[in-house]
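Presented below is the structure to which this report refers.
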Amino acid sequence: MPTIAEADTLASELPEGGLVGQAPPSPAGPVEPPDAEQLAEPPVIALPRALQVIRFNQRQIEFVFRARRELGEVFRTRGVVPDGPVITSHPDHVRSLFTAKPEDAPSLTGESPLRPIVGPNSVLTAIGSRHMRQRKLLLPSFHGEAIDRYAQMIADAAQREIDRWPVGAPFALAPRMQAITLDVIMGGIFGIEGRPQRATPEHQLRTAIRGLVAASTWPTAQLAELMNLGRDEPVGLTRVGLSLLDRRTYAVIAKRRQAADVQQRRDILSLLLHARTEDGETLTDREVRDELLTLVLAGHETTANSLAWAWERLLRTPAAHERLREAVRTGADAADHIEAVITEGMRSRPVIPIIGRRVAVPWRLGRYAVPAGTPVAMSILLLHHREDLYPQPFAFKPERWLGRKPGTYEWIPFGGGIRRCLGAALAMAEQRVVLEAIVRRLDLEAEDPRPERAVHRNVTMIPLRGARVIVRRRLA
Ligand code: HEM
């Protein structure tokens with residue numbers, strides 16, 4: 001079985017047409033207990049639990065592809081989440097979970113490695129009515145008009161960054177993309193244009209976030225991550241790093257609470273400070289901190305790595321790169337080509353490779369059923385590499401998407417249903433603007449033509465070397 005990276009190099013040219021297909025139907029959803037008993041339980045991966053935890057965390061790609069090959073499209077693992085999650089990758093199963101009543105299939109994010117960091121009560125980790133309240137409060141800041149307002153901010157941040165890149169010297173794109181996406185999300189949260197001024201609490205917070213995210217690539221961070229799995233409060237190194245970040249976050253909150261214009265301001269921090277719970281209470285500093293940290297962490301590294309992956313793929317697919325360059329530089333269908341590259345990038349390299357729900361009632365998944373209380377995970381990675389949906393799934397083919405929109409349950413890099421990524425529109429806007437700005441102004445080349453391996457960091461899947469590139473030419 002080749003790894004994704006190896007399979008990419010093996011992928012040959014596709015026949016014309018037929019680049020997006022359909023999966024055969026597979027019944028899924030709640031079933032009555034007597035009917036569930038008629039169906040078998042999914043096959044279980046026969047490895048010791050500890051080994052499965054390590055393999056899943058370190059080599060999720062090999063782990064899930066192998067399990068699917070050996071056990072089929074629904075299988076059970078023994079892992080960190082109690083009761084061993086069942087993993088599926090059929091679009092009908094995905095649909096059943098995304099459209100379920102919220103109380104029938106609550107999200108598993110409350111049990112994810114992010115919980116000790118962002119707390120149990122942020123929009124990402126809360127479930128039930130609290131989740132819906134937080135989501136409703138934040139949604140307007142990430143929709144339509146609000147995103148239009150960000151467009152200039154994104155373009156300026158991209159410009160500032162691109163201007164500084166050297167010609168002829170290799171560097172990793174991911175941290176450069178991160179500098180842009182961090183400026184954008186902090187701009188939206190704090191309502192500031194450009195980078196925060198030096199010596200302000202916002203600037204100190206920005207520095208702390210960058211430090212913490214950089215530290216999360218150290219080998220010791222893997223250990224810290226394992227130590228924190230399943231906990232409510234952080235321990236060890238994570239605790240030390242977070243306490244530094246928290247001091248700075250609370251300083252920013254305190255400053256804003258005292259600002260004379262806090263009632264008039266429309267940025268996300270001010271919005272959180274005005275917000276009232278059903279009981280008319282305002283949010284505590286801790287609640288505001290959890291929400292801010294969620295938005296910063298969920299919002300900038302994901303988008304940055306998604307862009308890095310798009311480039312990693314593009315630079316190893318010269319025909320696609322050339323078509324995009326031509327479209328952007330001549331203006332012929334530029335927007336469609338940009339959209340197609342982003343869509344294909346997120347299909348072939350979903351930064352979040354897996355998401356989950358815990359079914360509260362017996363659930364059918366094709367020819368199997370699982371009892372109430374079972375965690376059911378949707379492998380975005382496996383779904384996006386189904387042969388029937390995406391012929392030659394390992395080939396990077398942006399043209400799959402020209403004149404075609406991705407299916408709601410077949411293309412799910414942002415998840416779906418009532419837990420669909422709150423920042424999806426912002427992330428798409430950022431990717432469009434930044435990708436176009438780079439294509440328009442620079443000729444890039446991969447430092448090493450071999451594909452970069454995917455590695456797992458916390459809940460994300462990122463390019464091992466950060467998508468290393470060389471600028472060959474800067475256009476006027
Ligand atoms: C390419 C970039 C991004 C990707 C791939 C991504 C992916 C995801 C995924 C897979 C989920 C879980 C959905 C589910 O369980 O069904 C999610 C949730 C979330 N994302 Fe994103 N995201 C991105 C960018 C952003 C941005 C820019 C923000 C904004 C600040 C953001 C904020 C959130 C929040 C708050 C949630 C929790 C939503 C809820 O549970 O109601 N994300 N994202």
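Residue numbering restarts at 1 in every chain; chains get A, B, ... in the order shown in the structure tokens, and ligands count up from 1 in that same order.
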For A:Ile189: contacts at 8 Å, only C-alpha atoms, fewer than 3 positions along chain excluded, given as a PyMOL selection string: chain A and resi 185-186+267-269+292
Strand (DSSP E or B) per DSSP on the backbone: members of stretch 154-338 of chain A, as an MDAnalysis selection string: chainID A and resid 171:172 276 282
Expected answer as a VMD selection string: residues within 8 Å of ligand 1, only C-alpha atoms and all ligand atoms: chain A and resid 98 107 to 109 123 to 126 131 to 132 135 142 181 185 294 to 307 346 350 to 357 412 to 428 431
Nearest residue to A:Pro120 from the set A:Glu344, A:Glu291, A:Glu73, A:Glu103 (distances using only C-alpha atoms):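 Closest to A:Pro120, using only C-alpha atoms: A:Glu291.
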Shortest interatomic distance to A:Val167 - which of A:Arg78, A:Lys397, A:Arg289, A:Arg441, counting only C-alpha atoms: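 Nearest to A:Val167: A:Arg441.
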Minimum-distance residue to A:Tyr250, chosen among A:Asn458, A:Gln204, A:Thr282, A:Thr408 (using only C-alpha atoms):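 Between A:Asn458, A:Gln204, A:Thr282, A:Thr408, the residue approaching A:Tyr250 most closely is A:Gln204.
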Helix (DSSP H, G or I) call set, DSSP backbone run, stretch 112-275 of chain A, as a VMD selection string: chain A and resid 115 to 118 129 to 142 144 to 163 173 to 190 201 to 215 219 to 228 236 to 257 268 to 274
Generate a file of the selected residues that holds C-alpha atoms, formatted as a tab-separated table (two decimals), in the first residue's frame.
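Saved to again_39.tsv:
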```
chain	number	residue	atom	x	y	z
A	115	ARG	CA	-10.51	20.61	25.23
A	116	PRO	CA	-7.72	21.10	27.80
A	117	ILE	CA	-6.55	24.10	25.77
A	118	VAL	CA	-9.75	25.99	24.92
A	129	SER	CA	-28.09	24.73	24.11
A	130	ARG	CA	-24.88	26.39	25.21
A	131	HIS	CA	-23.27	25.52	21.88
A	132	MET	CA	-26.22	26.92	19.92
A	133	ARG	CA	-26.19	30.16	21.92
A	134	GLN	CA	-22.47	30.72	21.35
A	135	ARG	CA	-22.80	29.83	17.68
A	136	LYS	CA	-25.68	32.28	17.14
A	137	LEU	CA	-23.70	35.01	18.85
A	138	LEU	CA	-20.62	34.53	16.67
A	139	LEU	CA	-22.19	33.62	13.32
A	140	PRO	CA	-22.86	37.20	12.07
A	141	SER	CA	-19.16	38.03	12.46
A	142	PHE	CA	-18.30	35.32	9.94
A	144	GLY	CA	-21.50	37.68	4.00
A	145	GLU	CA	-21.03	41.37	4.65
A	146	ALA	CA	-18.62	40.77	7.51
A	147	ILE	CA	-16.35	38.73	5.22
A	148	ASP	CA	-16.52	41.42	2.51
A	149	ARG	CA	-15.16	43.83	5.09
A	150	TYR	CA	-12.21	41.50	5.70
A	151	ALA	CA	-11.24	41.34	2.00
A	152	GLN	CA	-9.08	44.48	2.07
A	153	MET	CA	-7.50	43.44	5.33
A	154	ILE	CA	-6.57	40.06	3.82
A	155	ALA	CA	-5.17	41.66	0.64
A	156	ASP	CA	-3.05	44.09	2.71
A	157	ALA	CA	-1.73	41.32	4.97
A	158	ALA	CA	-0.84	39.20	1.90
A	159	GLN	CA	0.90	42.14	0.22
A	160	ARG	CA	2.97	42.94	3.31
A	161	GLU	CA	4.09	39.34	3.56
A	162	ILE	CA	4.82	38.64	-0.13
A	163	ASP	CA	6.93	41.81	-0.46
A	173	LEU	CA	5.45	28.61	3.14
A	174	ALA	CA	3.33	27.44	6.11
A	175	PRO	CA	4.77	29.91	8.67
A	176	ARG	CA	4.52	32.72	6.11
A	177	MET	CA	0.88	31.85	5.47
A	178	GLN	CA	0.37	31.73	9.21
A	179	ALA	CA	1.68	35.27	9.62
A	180	ILE	CA	-1.05	36.41	7.19
A	181	THR	CA	-3.90	34.39	8.70
A	182	LEU	CA	-2.94	35.39	12.25
A	183	ASP	CA	-3.04	39.08	11.29
A	184	VAL	CA	-6.45	38.56	9.70
A	185	ILE	CA	-8.08	36.72	12.59
A	186	MET	CA	-6.58	39.09	15.18
A	187	GLY	CA	-7.74	42.04	13.09
A	188	GLY	CA	-11.29	40.63	13.13
A	189	ILE	CA	-11.24	39.80	16.82
A	190	PHE	CA	-9.73	43.01	18.09
A	201	PRO	CA	-1.22	43.90	25.17
A	202	GLU	CA	-2.49	42.82	21.70
A	203	HIS	CA	1.05	42.74	20.32
A	204	GLN	CA	2.28	40.74	23.30
A	205	LEU	CA	-0.58	38.30	22.79
A	206	ARG	CA	0.30	37.91	19.11
A	207	THR	CA	3.92	37.12	20.03
A	208	ALA	CA	2.80	34.56	22.63
A	209	ILE	CA	0.50	32.82	20.15
A	210	ARG	CA	3.21	32.59	17.52
A	211	GLY	CA	5.63	31.21	20.11
A	212	LEU	CA	3.16	28.60	21.30
A	213	VAL	CA	2.21	27.44	17.81
A	214	ALA	CA	5.91	27.20	16.85
A	215	ALA	CA	6.62	25.22	20.04
A	219	PRO	CA	9.21	16.73	19.54
A	220	THR	CA	8.35	17.36	23.21
A	221	ALA	CA	5.00	18.76	22.09
A	222	GLN	CA	3.90	15.28	20.98
A	223	LEU	CA	4.53	14.07	24.49
A	224	ALA	CA	2.70	17.05	25.98
A	225	GLU	CA	-0.22	16.29	23.68
A	226	LEU	CA	-0.41	12.67	24.79
A	227	MET	CA	-0.21	13.73	28.45
A	228	ASN	CA	-3.19	16.02	27.98
A	236	GLY	CA	2.87	19.71	32.09
A	237	LEU	CA	4.36	21.76	29.28
A	238	THR	CA	0.97	22.67	27.85
A	239	ARG	CA	0.04	24.21	31.19
A	240	VAL	CA	3.23	26.30	31.32
A	241	GLY	CA	2.78	27.56	27.74
A	242	LEU	CA	-0.88	28.32	28.27
A	243	SER	CA	-0.40	30.24	31.50
A	244	LEU	CA	1.85	32.67	29.62
A	245	LEU	CA	-0.74	33.01	26.88
A	246	ASP	CA	-3.56	33.42	29.40
A	247	ARG	CA	-1.83	36.28	31.25
A	248	ARG	CA	-1.67	38.16	27.97
A	249	THR	CA	-5.21	37.29	26.93
A	250	TYR	CA	-6.62	38.51	30.25
A	251	ALA	CA	-4.61	41.74	29.90
A	252	VAL	CA	-6.25	42.35	26.50
A	253	ILE	CA	-9.73	41.61	27.91
A	254	ALA	CA	-9.18	43.94	30.90
A	255	LYS	CA	-8.02	46.76	28.63
A	256	ARG	CA	-11.04	46.38	26.36
A	257	ARG	CA	-13.53	46.23	29.24
A	268	ILE	CA	-15.62	40.11	17.99
A	269	LEU	CA	-14.05	40.85	21.36
A	270	SER	CA	-16.42	43.76	22.00
A	271	LEU	CA	-19.33	41.59	20.82
A	272	LEU	CA	-18.43	38.97	23.40
A	273	LEU	CA	-18.17	41.61	26.11
A	274	HIS	CA	-21.69	42.93	25.29
```
Residues within 10 Å of A:Val370, only C-alpha atoms, excluding chain neighbours under 3 positions, as a list of chain:residue names: A:Pro30, A:Val31, A:Pro33, A:Ala36, A:Glu37, A:Leu39, A:Ala40, A:Glu41, A:Pro42, A:Arg76, A:Val86, A:Val359, A:Val361, A:Pro362, A:Trp363, A:Arg364, A:Leu365, A:Gly373, A:Thr374, A:Pro375, A:Val376
Nearby residues (only C-alpha atoms) at most 9 Å from A:Leu314, same-chain spacing under 4 positions excluded, as a ChimeraX atom specification: /A:309-310,318-321,341,345,396
Residues from last step as file, C-alpha atoms, as a PDB file, in the first residue's frame:
```
ATOM      1  CA  TRP A 309      -0.949  22.221   1.016  1.00  0.00           C
ATOM      2  CA  ALA A 310      -2.529  23.850  -2.048  1.00  0.00           C
ATOM      3  CA  PRO A 318       3.098  21.479 -13.420  1.00  0.00           C
ATOM      4  CA  ALA A 319       0.115  21.373 -15.822  1.00  0.00           C
ATOM      5  CA  ALA A 320      -2.286  22.555 -13.095  1.00  0.00           C
ATOM      6  CA  HIS A 321       0.168  25.241 -11.974  1.00  0.00           C
ATOM      7  CA  VAL A 341      -7.435  24.656  -7.050  1.00  0.00           C
ATOM      8  CA  GLY A 345      -6.366  21.083  -2.450  1.00  0.00           C
ATOM      9  CA  PHE A 396      -4.340  16.366  -7.962  1.00  0.00           C
TER      10      PHE A 396
END
```
